[in-house]
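**Student:** Contents are PDB, C-alpha atoms; file name query.pdb:
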ATOM      1  CA  MET A 218       9.727 -33.068  14.479
ATOM      2  CA  THR A 219       7.002 -30.643  15.441
ATOM      3  CA  ILE A 220       7.605 -27.075  16.512
ATOM      4  CA  THR A 221       5.251 -24.187  17.216
ATOM      5  CA  HIS A 222       5.522 -21.338  14.717
ATOM      6  CA  ASN A 223       3.588 -18.160  15.529
ATOM      7  CA  GLY A 224       1.240 -20.151  17.725
ATOM      8  CA  GLU A 225       0.587 -22.992  15.274
ATOM      9  CA  ALA A 226       2.044 -26.488  15.132
ATOM     10  CA  LEU A 227       4.391 -27.031  12.207
ATOM     11  CA  ALA A 228       6.115 -30.237  11.083
ATOM     12  CA  LEU A 229       9.755 -29.794  10.095
ATOM     13  CA  GLU A 230      12.471 -32.229   9.110
ATOM     14  CA  ALA A 231      14.812 -33.230  11.898
ATOM     15  CA  ARG A 232      17.870 -30.952  12.231
ATOM     16  CA  ALA A 233      16.092 -28.026  10.517
ATOM     17  CA  THR A 234      17.551 -24.613  11.350
ATOM     18  CA  VAL A 235      15.926 -21.233  11.877
ATOM     19  CA  ALA A 236      17.078 -20.364   8.346
ATOM     20  CA  ASP A 237      15.336 -23.487   6.979
ATOM     21  CA  LEU A 238      12.087 -22.374   8.614
ATOM     22  CA  LEU A 239      12.488 -18.908   7.090
ATOM     23  CA  VAL A 240      13.080 -20.375   3.623
ATOM     24  CA  LEU A 241       9.934 -22.460   4.054
ATOM     25  CA  ARG A 242       7.836 -19.463   5.065
ATOM     26  CA  PHE A 243       9.521 -16.515   3.322
ATOM     27  CA  ASP A 244      11.509 -18.104   0.475
ATOM     28  CA  ASP A 245      14.505 -16.360   2.021
ATOM     29  CA  PRO A 246      16.981 -17.481   4.702
ATOM     30  CA  ARG A 247      17.530 -13.855   5.823
ATOM     31  CA  PRO A 248      14.351 -11.853   5.108
ATOM     32  CA  HIS A 249      14.661  -8.129   5.695
ATOM     33  CA  GLY A 250      13.010  -6.411   8.656
ATOM     34  CA  ILE A 251      12.114  -9.450  10.680
ATOM     35  CA  ALA A 252      13.237 -10.865  14.013
ATOM     36  CA  VAL A 253      13.010 -14.345  15.456
ATOM     37  CA  ALA A 254      12.442 -15.494  19.019
ATOM     38  CA  VAL A 255      13.075 -19.094  20.021
ATOM     39  CA  ASN A 256      11.472 -20.066  23.318
ATOM     40  CA  GLY A 257      11.128 -16.426  24.313
ATOM     41  CA  GLU A 258      14.721 -15.397  23.572
ATOM     42  CA  VAL A 259      15.945 -13.469  20.532
ATOM     43  CA  ALA A 260      17.759 -15.585  17.959
ATOM     44  CA  PRO A 261      20.224 -13.074  16.453
ATOM     45  CA  ARG A 262      20.188 -12.754  12.665
ATOM     46  CA  GLY A 263      23.797 -13.920  12.419
ATOM     47  CA  GLU A 264      22.942 -17.241  14.088
ATOM     48  CA  TRP A 265      19.909 -18.234  12.002
ATOM     49  CA  ALA A 266      21.862 -20.454   9.577
ATOM     50  CA  GLY A 267      23.438 -22.486  12.350
ATOM     51  CA  TRP A 268      20.650 -22.419  14.937
ATOM     52  CA  MET A 269      19.245 -25.960  14.960
ATOM     53  CA  LEU A 270      15.660 -26.336  16.097
ATOM     54  CA  VAL A 271      14.567 -29.165  18.355
ATOM     55  CA  GLU A 272      11.263 -30.901  18.978
ATOM     56  CA  GLY A 273       8.845 -28.660  20.852
ATOM     57  CA  ASP A 274      10.625 -25.344  20.167
ATOM     58  CA  VAL A 275       8.354 -22.321  20.189
ATOM     59  CA  ILE A 276       9.298 -19.898  17.396
ATOM     60  CA  ASP A 277       7.913 -16.439  16.865
ATOM     61  CA  VAL A 278       8.728 -14.513  13.688
ATOM     62  CA  VAL A 279       7.866 -10.819  13.867
ATOM     63  CA  THR A 280       8.077  -7.674  11.777
ATOM     64  CA  ALA A 281       7.031  -4.031  11.967
ATOM     65  CA  VAL A 282       3.356  -3.344  11.367
ATOM     66  CA  GLN A 283       1.313  -0.186  11.790
ATOM     67  CA  GLY A 284       1.083   1.087  15.343
ATOM     68  CA  GLY A 285       0.932   4.245  17.401
TER      69      GLY A 285
ATOM     70  CA  MET B  86      25.356  14.708  12.241
ATOM     71  CA  THR B  87      24.155  18.260  11.636
ATOM     72  CA  THR B  88      25.140  20.999  14.038
ATOM     73  CA  PRO B  89      22.280  21.580  16.449
ATOM     74  CA  CYS B  90      20.525  24.926  16.295
ATOM     75  CA  SER B  91      19.362  26.319  19.612
ATOM     76  CA  ASP B  92      15.792  25.245  18.898
ATOM     77  CA  ASP B  93      16.454  21.712  17.681
ATOM     78  CA  LEU B  94      14.897  18.833  19.562
ATOM     79  CA  VAL B  95      17.661  16.554  20.835
ATOM     80  CA  ILE B  96      16.956  13.140  22.350
ATOM     81  CA  ALA B  97      19.805  10.963  23.584
ATOM     82  CA  GLY B  98      22.254  13.133  21.661
ATOM     83  CA  GLU B  99      20.379  12.750  18.356
ATOM     84  CA  VAL B 100      19.144  15.915  16.650
ATOM     85  CA  LEU B 101      15.608  15.325  15.399
ATOM     86  CA  SER B 102      14.258  17.046  12.327
ATOM     87  CA  SER B 103      10.914  18.160  13.759
ATOM     88  CA  ARG B 104       8.746  18.151  16.852
ATOM     89  CA  LEU B 105       5.976  15.950  15.495
ATOM     90  CA  PHE B 106       6.098  12.198  16.045
ATOM     91  CA  LEU B 107       3.763  10.231  13.841
ATOM     92  CA  GLY B 108       2.133   6.919  14.608
ATOM     93  CA  THR B 109       1.026   4.622  11.815
ATOM     94  CA  GLY B 110      -1.700   2.833  13.795
ATOM     95  CA  GLY B 111      -5.023   2.844  11.971
ATOM     96  CA  LEU B 112      -3.516   3.726   8.596
ATOM     97  CA  PRO B 113      -6.180   2.844   6.012
ATOM     98  CA  GLN B 114      -3.739   2.121   3.176
ATOM     99  CA  VAL B 115       0.015   1.944   2.654
ATOM    100  CA  ALA B 116      -0.323   4.226  -0.388
ATOM    101  CA  LEU B 117      -1.042   7.082   2.040
ATOM    102  CA  VAL B 118       2.354   6.759   3.753
ATOM    103  CA  ALA B 119       4.250   8.967   1.302
ATOM    104  CA  PRO B 120       1.761  11.884   1.136
ATOM    105  CA  ILE B 121       1.189  11.798   4.911
ATOM    106  CA  LEU B 122       4.928  11.902   5.576
ATOM    107  CA  ALA B 123       5.338  14.740   3.091
ATOM    108  CA  ALA B 124       2.619  16.714   4.868
ATOM    109  CA  ALA B 125       3.629  15.908   8.461
ATOM    110  CA  ARG B 126       7.432  15.889   8.102
ATOM    111  CA  PRO B 127       7.701  13.861  11.312
ATOM    112  CA  ALA B 128      10.886  13.430  13.326
ATOM    113  CA  VAL B 129      10.127   9.770  13.885
ATOM    114  CA  VAL B 130       7.443   7.303  12.866
ATOM    115  CA  THR B 131       6.216   4.646  15.262
ATOM    116  CA  VAL B 132       5.478   1.048  14.364
ATOM    117  CA  SER B 133       4.381  -2.025  16.303
ATOM    118  CA  ILE B 134       5.992  -5.449  16.360
ATOM    119  CA  ARG B 135       3.743  -8.353  15.452
ATOM    120  CA  ARG B 136       3.953 -11.917  14.183
ATOM    121  CA  THR B 137       4.274 -12.320  10.438
ATOM    122  CA  SER B 138       3.984 -15.325   8.175
ATOM    123  CA  SER B 139       4.673 -13.922   4.748
ATOM    124  CA  VAL B 140       6.793 -11.264   3.079
ATOM    125  CA  ALA B 141       3.679  -9.693   1.552
ATOM    126  CA  GLU B 142       2.872  -8.236   4.971
ATOM    127  CA  GLY B 143       6.006  -6.086   4.838
ATOM    128  CA  GLY B 144       4.488  -3.337   2.661
ATOM    129  CA  LEU B 145       4.396  -0.704   5.396
ATOM    130  CA  LEU B 146       8.010  -1.217   6.395
ATOM    131  CA  ALA B 147       9.149  -0.979   2.784
ATOM    132  CA  ALA B 148       7.213   2.276   2.313
ATOM    133  CA  LEU B 149       8.704   3.774   5.475
ATOM    134  CA  ARG B 150      12.196   2.667   4.493
ATOM    135  CA  ASP B 151      11.742   4.252   1.052
ATOM    136  CA  ALA B 152      10.803   7.516   2.767
ATOM    137  CA  GLY B 153      13.965   7.377   4.860
ATOM    138  CA  VAL B 154      12.271   8.220   8.159
ATOM    139  CA  ARG B 155      13.598   7.277  11.580
ATOM    140  CA  LEU B 156      11.568   4.364  12.938
ATOM    141  CA  LEU B 157      10.517   4.184  16.570
ATOM    142  CA  PRO B 158       9.200   0.710  17.412
ATOM    143  CA  ASN B 159       6.724   0.502  20.262
ATOM    144  CA  THR B 160       5.770  -2.249  22.675
ATOM    145  CA  ALA B 161       2.048  -1.609  22.276
ATOM    146  CA  GLY B 162      -0.220  -4.208  23.777
ATOM    147  CA  CYS B 163       2.336  -5.530  26.268
ATOM    148  CA  LEU B 164       0.834  -6.178  29.686
ATOM    149  CA  SER B 165       4.018  -6.979  31.622
ATOM    150  CA  ALA B 166       7.606  -5.800  31.846
ATOM    151  CA  ARG B 167       8.808  -9.230  30.698
ATOM    152  CA  GLU B 168       6.679  -9.076  27.545
ATOM    153  CA  ALA B 169       7.765  -5.497  26.809
ATOM    154  CA  VAL B 170      11.457  -6.345  27.186
ATOM    155  CA  ILE B 171      11.328  -9.265  24.717
ATOM    156  CA  THR B 172       9.271  -7.160  22.291
ATOM    157  CA  ALA B 173      11.861  -4.378  22.475
ATOM    158  CA  GLU B 174      14.649  -6.900  21.905
ATOM    159  CA  LEU B 175      12.858  -8.243  18.815
ATOM    160  CA  ALA B 176      12.281  -4.698  17.556
ATOM    161  CA  ARG B 177      15.972  -3.911  17.937
ATOM    162  CA  GLU B 178      16.853  -7.027  15.972
ATOM    163  CA  ALA B 179      14.258  -6.454  13.218
ATOM    164  CA  LEU B 180      14.721  -2.704  12.735
ATOM    165  CA  GLU B 181      18.326  -2.169  13.819
ATOM    166  CA  THR B 182      17.485   0.626  16.242
ATOM    167  CA  ASN B 183      17.968   0.694  19.992
ATOM    168  CA  TRP B 184      15.264   3.336  20.406
ATOM    169  CA  VAL B 185      11.981   2.068  21.804
ATOM    170  CA  LYS B 186       8.690   3.687  22.705
ATOM    171  CA  LEU B 187       7.991   1.674  25.817
ATOM    172  CA  GLU B 188       4.357   0.891  26.498
ATOM    173  CA  VAL B 189       3.176  -1.402  29.258
ATOM    174  CA  ILE B 190      -0.563  -1.155  29.644
ATOM    175  CA  GLY B 191      -2.564  -2.127  32.700
ATOM    176  CA  ASP B 192      -5.598  -3.471  30.903
ATOM    177  CA  GLU B 193      -7.000  -3.622  27.420
ATOM    178  CA  ARG B 194     -10.079  -1.551  28.150
ATOM    179  CA  SER B 195      -8.523   1.671  29.441
ATOM    180  CA  LEU B 196      -5.135   1.128  27.752
ATOM    181  CA  LEU B 197      -3.703   3.167  30.618
ATOM    182  CA  PRO B 198      -0.044   2.608  31.513
ATOM    183  CA  ASP B 199       0.811   0.168  34.312
ATOM    184  CA  VAL B 200       3.500   2.380  35.800
ATOM    185  CA  VAL B 201       4.862  -0.311  38.146
ATOM    186  CA  GLU B 202       5.630  -2.662  35.255
ATOM    187  CA  LEU B 203       6.663   0.319  33.114
ATOM    188  CA  LEU B 204       9.346   1.391  35.571
ATOM    189  CA  ASP B 205      10.682  -2.175  35.835
ATOM    190  CA  ALA B 206      10.808  -2.529  32.046
ATOM    191  CA  ALA B 207      12.434   0.899  31.615
ATOM    192  CA  ALA B 208      15.226   0.089  34.072
ATOM    193  CA  GLU B 209      15.887  -3.269  32.417
ATOM    194  CA  LEU B 210      15.918  -1.844  28.883
ATOM    195  CA  VAL B 211      18.251   0.988  29.886
ATOM    196  CA  ARG B 212      20.545  -1.661  31.387
ATOM    197  CA  ARG B 213      20.448  -3.501  28.041
ATOM    198  CA  GLY B 214      21.510  -0.393  26.144
ATOM    199  CA  PHE B 215      18.186   0.859  24.811
ATOM    200  CA  THR B 216      17.181   4.497  24.389
ATOM    201  CA  VAL B 217      13.858   4.370  26.203
ATOM    202  CA  LEU B 218      10.932   6.720  25.583
ATOM    203  CA  PRO B 219       8.205   5.592  27.978
ATOM    204  CA  TYR B 220       4.477   6.181  27.494
ATOM    205  CA  SER B 221       3.264   7.124  30.965
ATOM    206  CA  THR B 222       0.486   8.728  32.905
ATOM    207  CA  ASP B 223       0.480  12.530  33.231
ATOM    208  CA  ASP B 224       2.127  12.298  36.638
ATOM    209  CA  PRO B 225       5.260  14.311  37.495
ATOM    210  CA  VAL B 226       6.297  11.797  40.157
ATOM    211  CA  ILE B 227       6.377   8.813  37.805
ATOM    212  CA  ALA B 228       8.011  11.011  35.153
ATOM    213  CA  ARG B 229      10.857  11.775  37.550
ATOM    214  CA  ARG B 230      11.199   8.100  38.493
ATOM    215  CA  LEU B 231      11.434   7.171  34.788
ATOM    216  CA  VAL B 232      14.155   9.747  34.233
ATOM    217  CA  ASP B 233      15.995   8.488  37.331
ATOM    218  CA  ALA B 234      15.838   5.018  35.727
ATOM    219  CA  GLY B 235      17.659   6.439  32.694
ATOM    220  CA  CYS B 236      14.862   7.179  30.216
ATOM    221  CA  ALA B 237      15.861   9.582  27.425
ATOM    222  CA  ALA B 238      12.468  11.321  27.330
ATOM    223  CA  VAL B 239       9.043  10.961  28.894
ATOM    224  CA  MET B 240       5.782  10.615  27.013
ATOM    225  CA  PRO B 241       2.835  11.547  29.231
ATOM    226  CA  LEU B 242      -0.665  10.966  27.904
ATOM    227  CA  GLY B 243      -2.974  13.863  27.137
ATOM    228  CA  SER B 244      -5.981  11.530  27.426
ATOM    229  CA  PRO B 245      -6.600   7.818  26.722
ATOM    230  CA  ILE B 246      -5.142   6.275  23.555
ATOM    231  CA  GLY B 247      -7.326   6.867  20.519
ATOM    232  CA  SER B 248      -9.859   8.941  22.478
ATOM    233  CA  GLY B 249      -9.244  12.230  20.684
ATOM    234  CA  LEU B 250     -10.066  14.027  23.932
ATOM    235  CA  GLY B 251      -6.939  16.179  23.735
ATOM    236  CA  VAL B 252      -5.105  17.387  26.840
ATOM    237  CA  LEU B 253      -7.523  16.691  29.698
ATOM    238  CA  ASN B 254      -5.254  17.964  32.472
ATOM    239  CA  PRO B 255      -3.059  20.796  31.244
ATOM    240  CA  HIS B 256      -1.776  21.504  34.756
ATOM    241  CA  ALA B 257      -0.455  17.948  35.042
ATOM    242  CA  ILE B 258       1.374  18.266  31.731
ATOM    243  CA  GLU B 259       2.946  21.521  32.944
ATOM    244  CA  ALA B 260       3.929  19.759  36.169
ATOM    245  CA  VAL B 261       5.583  16.931  34.210
ATOM    246  CA  ARG B 262       7.473  19.523  32.158
ATOM    247  CA  ALA B 263       8.677  21.220  35.330
ATOM    248  CA  ALA B 264       9.666  17.928  36.997
ATOM    249  CA  VAL B 265      12.146  16.580  34.454
ATOM    250  CA  ASP B 266      15.128  17.795  32.441
ATOM    251  CA  VAL B 267      14.630  15.474  29.453
ATOM    252  CA  PRO B 268      12.325  16.110  26.469
ATOM    253  CA  VAL B 269       8.599  15.732  27.155
ATOM    254  CA  VAL B 270       6.624  14.288  24.249
ATOM    255  CA  LEU B 271       2.864  14.477  24.615
ATOM    256  CA  ASP B 272       1.509  11.083  23.672
ATOM    257  CA  ALA B 273      -2.043   9.833  23.277
ATOM    258  CA  GLY B 274      -5.316  11.655  23.032
ATOM    259  CA  VAL B 275      -4.470  14.209  20.356
ATOM    260  CA  GLY B 276      -7.551  14.612  18.172
ATOM    261  CA  THR B 277      -6.843  17.707  16.130
ATOM    262  CA  ALA B 278      -4.397  20.541  15.540
ATOM    263  CA  SER B 279      -5.447  22.660  18.528
ATOM    264  CA  ASP B 280      -4.628  19.758  20.876
ATOM    265  CA  ALA B 281      -1.106  19.644  19.497
ATOM    266  CA  ALA B 282      -0.767  23.414  19.755
ATOM    267  CA  LEU B 283      -1.953  23.389  23.375
ATOM    268  CA  ALA B 284       0.532  20.658  24.304
ATOM    269  CA  MET B 285       3.372  22.721  22.868
ATOM    270  CA  GLU B 286       2.110  25.890  24.584
ATOM    271  CA  LEU B 287       2.209  23.988  27.877
ATOM    272  CA  GLY B 288       5.904  23.371  27.323
ATOM    273  CA  CYS B 289       6.022  19.955  25.698
ATOM    274  CA  ASP B 290       9.003  19.480  23.404
ATOM    275  CA  ALA B 291       7.135  17.380  20.862
ATOM    276  CA  VAL B 292       3.770  15.741  20.198
ATOM    277  CA  LEU B 293       2.946  12.248  19.008
ATOM    278  CA  ALA B 294      -0.197  11.724  16.977
ATOM    279  CA  ALA B 295      -1.418   8.564  15.319
ATOM    280  CA  THR B 296      -5.134   8.052  14.910
ATOM    281  CA  ALA B 297      -5.736  11.820  14.797
ATOM    282  CA  VAL B 298      -4.148  11.551  11.359
ATOM    283  CA  THR B 299      -4.832   8.019  10.219
ATOM    284  CA  ARG B 300      -8.553   8.080  11.061
ATOM    285  CA  ALA B 301      -9.254  11.661   9.981
ATOM    286  CA  ASP B 302     -11.553  12.080   6.976
ATOM    287  CA  ASP B 303      -8.567  13.515   5.120
ATOM    288  CA  PRO B 304      -5.413  12.099   6.711
ATOM    289  CA  VAL B 305      -3.019  14.095   4.527
ATOM    290  CA  ALA B 306      -4.677  17.425   5.346
ATOM    291  CA  MET B 307      -4.759  16.541   9.064
ATOM    292  CA  ALA B 308      -1.074  15.621   8.955
ATOM    293  CA  ARG B 309      -0.315  19.106   7.676
ATOM    294  CA  ALA B 310      -2.651  20.701  10.233
ATOM    295  CA  LEU B 311      -0.888  18.906  13.084
ATOM    296  CA  ARG B 312       2.512  20.026  11.853
ATOM    297  CA  LEU B 313       1.300  23.607  11.734
ATOM    298  CA  GLY B 314      -0.324  23.179  15.168
ATOM    299  CA  VAL B 315       2.928  21.955  16.656
ATOM    300  CA  ASP B 316       4.846  24.822  15.094
ATOM    301  CA  ALA B 317       2.265  27.409  16.194
ATOM    302  CA  GLY B 318       2.248  26.081  19.743
ATOM    303  CA  ARG B 319       6.026  26.038  19.928
ATOM    304  CA  ILE B 320       6.320  29.612  18.696
ATOM    305  CA  ALA B 321       3.538  30.768  21.043
ATOM    306  CA  ARG B 322       5.295  29.124  23.991
ATOM    307  CA  GLN B 323       8.507  30.938  23.163
ATOM    308  CA  ALA B 324       6.678  34.211  22.525
ATOM    309  CA  GLY B 325       5.301  34.219  26.073
ATOM    310  CA  ARG B 326       1.549  34.473  26.351
ATOM    311  CA  ILE B 327      -0.216  37.247  28.298
ATOM    312  CA  PRO B 328      -1.451  36.300  31.756
ATOM    313  CA  ARG B 329      -5.100  35.354  32.098
ATOM    314  CA  GLN B 330      -7.163  37.832  34.124
ATOM    315  CA  ALA B 331     -10.824  37.976  35.028
ATOM    316  CA  THR B 332     -11.392  41.594  34.054
ATOM    317  CA  ALA B 333     -11.067  43.574  30.840
ATOM    318  CA  ARG B 334      -8.006  45.655  30.038
ATOM    319  CA  ALA B 335      -8.411  48.145  27.213
ATOM    320  CA  SER B 336      -6.083  47.762  24.298
ATOM    321  CA  SER B 337      -6.989  51.132  22.724
ATOM    322  CA  PRO B 338      -5.667  54.312  24.372
ATOM    323  CA  VAL B 339      -7.867  55.782  27.068
ATOM    324  CA  ALA B 340      -6.621  59.343  26.430
ATOM    325  CA  GLY B 341      -7.920  61.475  23.530
ATOM    326  CA  ARG B 342     -11.416  60.086  23.312
ATOM    327  CA  ILE B 343     -14.112  62.380  21.852
ATOM    328  CA  GLY B 344     -16.747  63.583  24.302
TER     329      GLY B 344
END
How does this structure look as structure tokens?

**Tutor:**
Amino acid sequence: MTITHNGEALALEARATVADLLVLRFDDPRPHGIAVAVNGEVAPRGEWAGWMLVEGDVIDVVTAVQGG
Amino acid sequence: MTTPCSDDLVIAGEVLSSRLFLGTGGLPQVALVAPILAAARPAVVTVSIRRTSSVAEGGLLAALRDAGVRLLPNTAGCLSAREAVITAELAREALETNWVKLEVIGDERSLLPDVVELLDAAAELVRRGFTVLPYSTDDPVIARRLVDAGCAAVMPLGSPIGSGLGVLNPHAIEAVRAAVDVPVVLDAGVGTASDAALAMELGCDAVLAATAVTRADDPVAMARALRLGVDAGRIARQAGRIPRQATARASSPVAGRIG
């Protein structure tokens, strides 16, 4: 299936979870100091392992960066 | 929690350790975080929330966590209430704080607050349990509306973000101070220590500075200067300045002069 991760198309295996995506990108199913939005809603940290992504999902992964 | 002294800054029941808020925007290198924090001793440090694709980008957060400072995520760059609310929700999830410096800007050229969207976002975030510190115009009417919506403080601008123009309308800042019964944190426009001192003399409870420090030739020295400016301004405010008058008034005795 194809999802959108931080604005870019990304191919994932069917039934991949939010945690699977995080392992792929961060080598960690629960990286510190990040948050995940799926289709504009927060996916709480405690639900990442069981949150199954579906074709066309739009995922944003964010962290704290410098700002005023 | 420590017992509050009479002069502690308290926001939403939390006693803060100083009256300087520090922004990290424009920081040239993460290695400067520790010496800047040591020099500024800020009550809180602001950060922005942005997309990330690798753990290597987390250097700033790790440095701030090591320093043990209170983080204040902002919603910088948001152009609508909807965008600001989701950004605040993500910040709460990522940083485990329900405090948010709420920014909703009207356009990317002026970076001035869109107070209509700001008020909507503030009300919604208060409803969702956030402690909201809104960046607003230097307008006592909107300040009062933000407090009525449940904001824990107000953060009027001294001048446009990053301009370094200081406090352009001191009377407006005094009017904001007089209009609300929550802490007033001067935000935006601080360029140097005297700007911070003036804001405090006008009655602000704290000052936020970001690029004044991060883009100074010597950020560590400027961090210290701003801390001293804030302290000087606070003490001067409490000391009670003499009234301004157009004519001279001798300070030496008139009696006993020779001749």

**Student:** Starting from the shown file, work through the PyMOL selection byres ((chain B) within 9 of (chain A)) and note down what comes out as JSON, numbers by chain.

**Tutor:** {"B": [107, 108, 109, 110, 111, 112, 130, 131, 132, 133, 134, 135, 136, 137, 138, 139, 140, 142, 143, 144, 145, 146, 147, 158, 159, 161, 171, 174, 175, 176, 177, 178, 179, 180, 181, 246, 273, 293, 294, 295, 296]}

**Student:** Can you turn the PyMOL selection byres ((chain B and resi 309) around 10) into a concrete residue list for this file, as a VMD selection string?

**Tutor:** chain B and resid 120 to 126 278 298 304 to 308 310 to 315

**Student:** Can you spell out as a VMD selection string the set of residues that the PyMOL selection byres ((chain B and resi 183) around 8) selects in the structure I just provided?

**Tutor:** chain B and resid 177 181 to 182 184 to 185 214 to 216

**Student:** When distances are computed from all atoms listed in the file, which of B:Leu164, B:Ala335, B:Leu218, B:Ala173 shows the smallest separation from Asp199 (chain B)?

**Tutor:**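 Checking each candidate against Asp199 (chain B), we get B:Leu164 as the closest.
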
**Student:** I'd like to know which of A:Ala226, A:Val240, A:Ala231, A:Arg247 is closest to Val271 (chain A), using all atoms listed in the file.

**Tutor:** A:Ala231

**Student:** CA of Asp266 (chain B) and CA of Pro225 (chain B) are how many Å apart?

**Tutor:**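 Those two atoms sit 11.6 Å apart.
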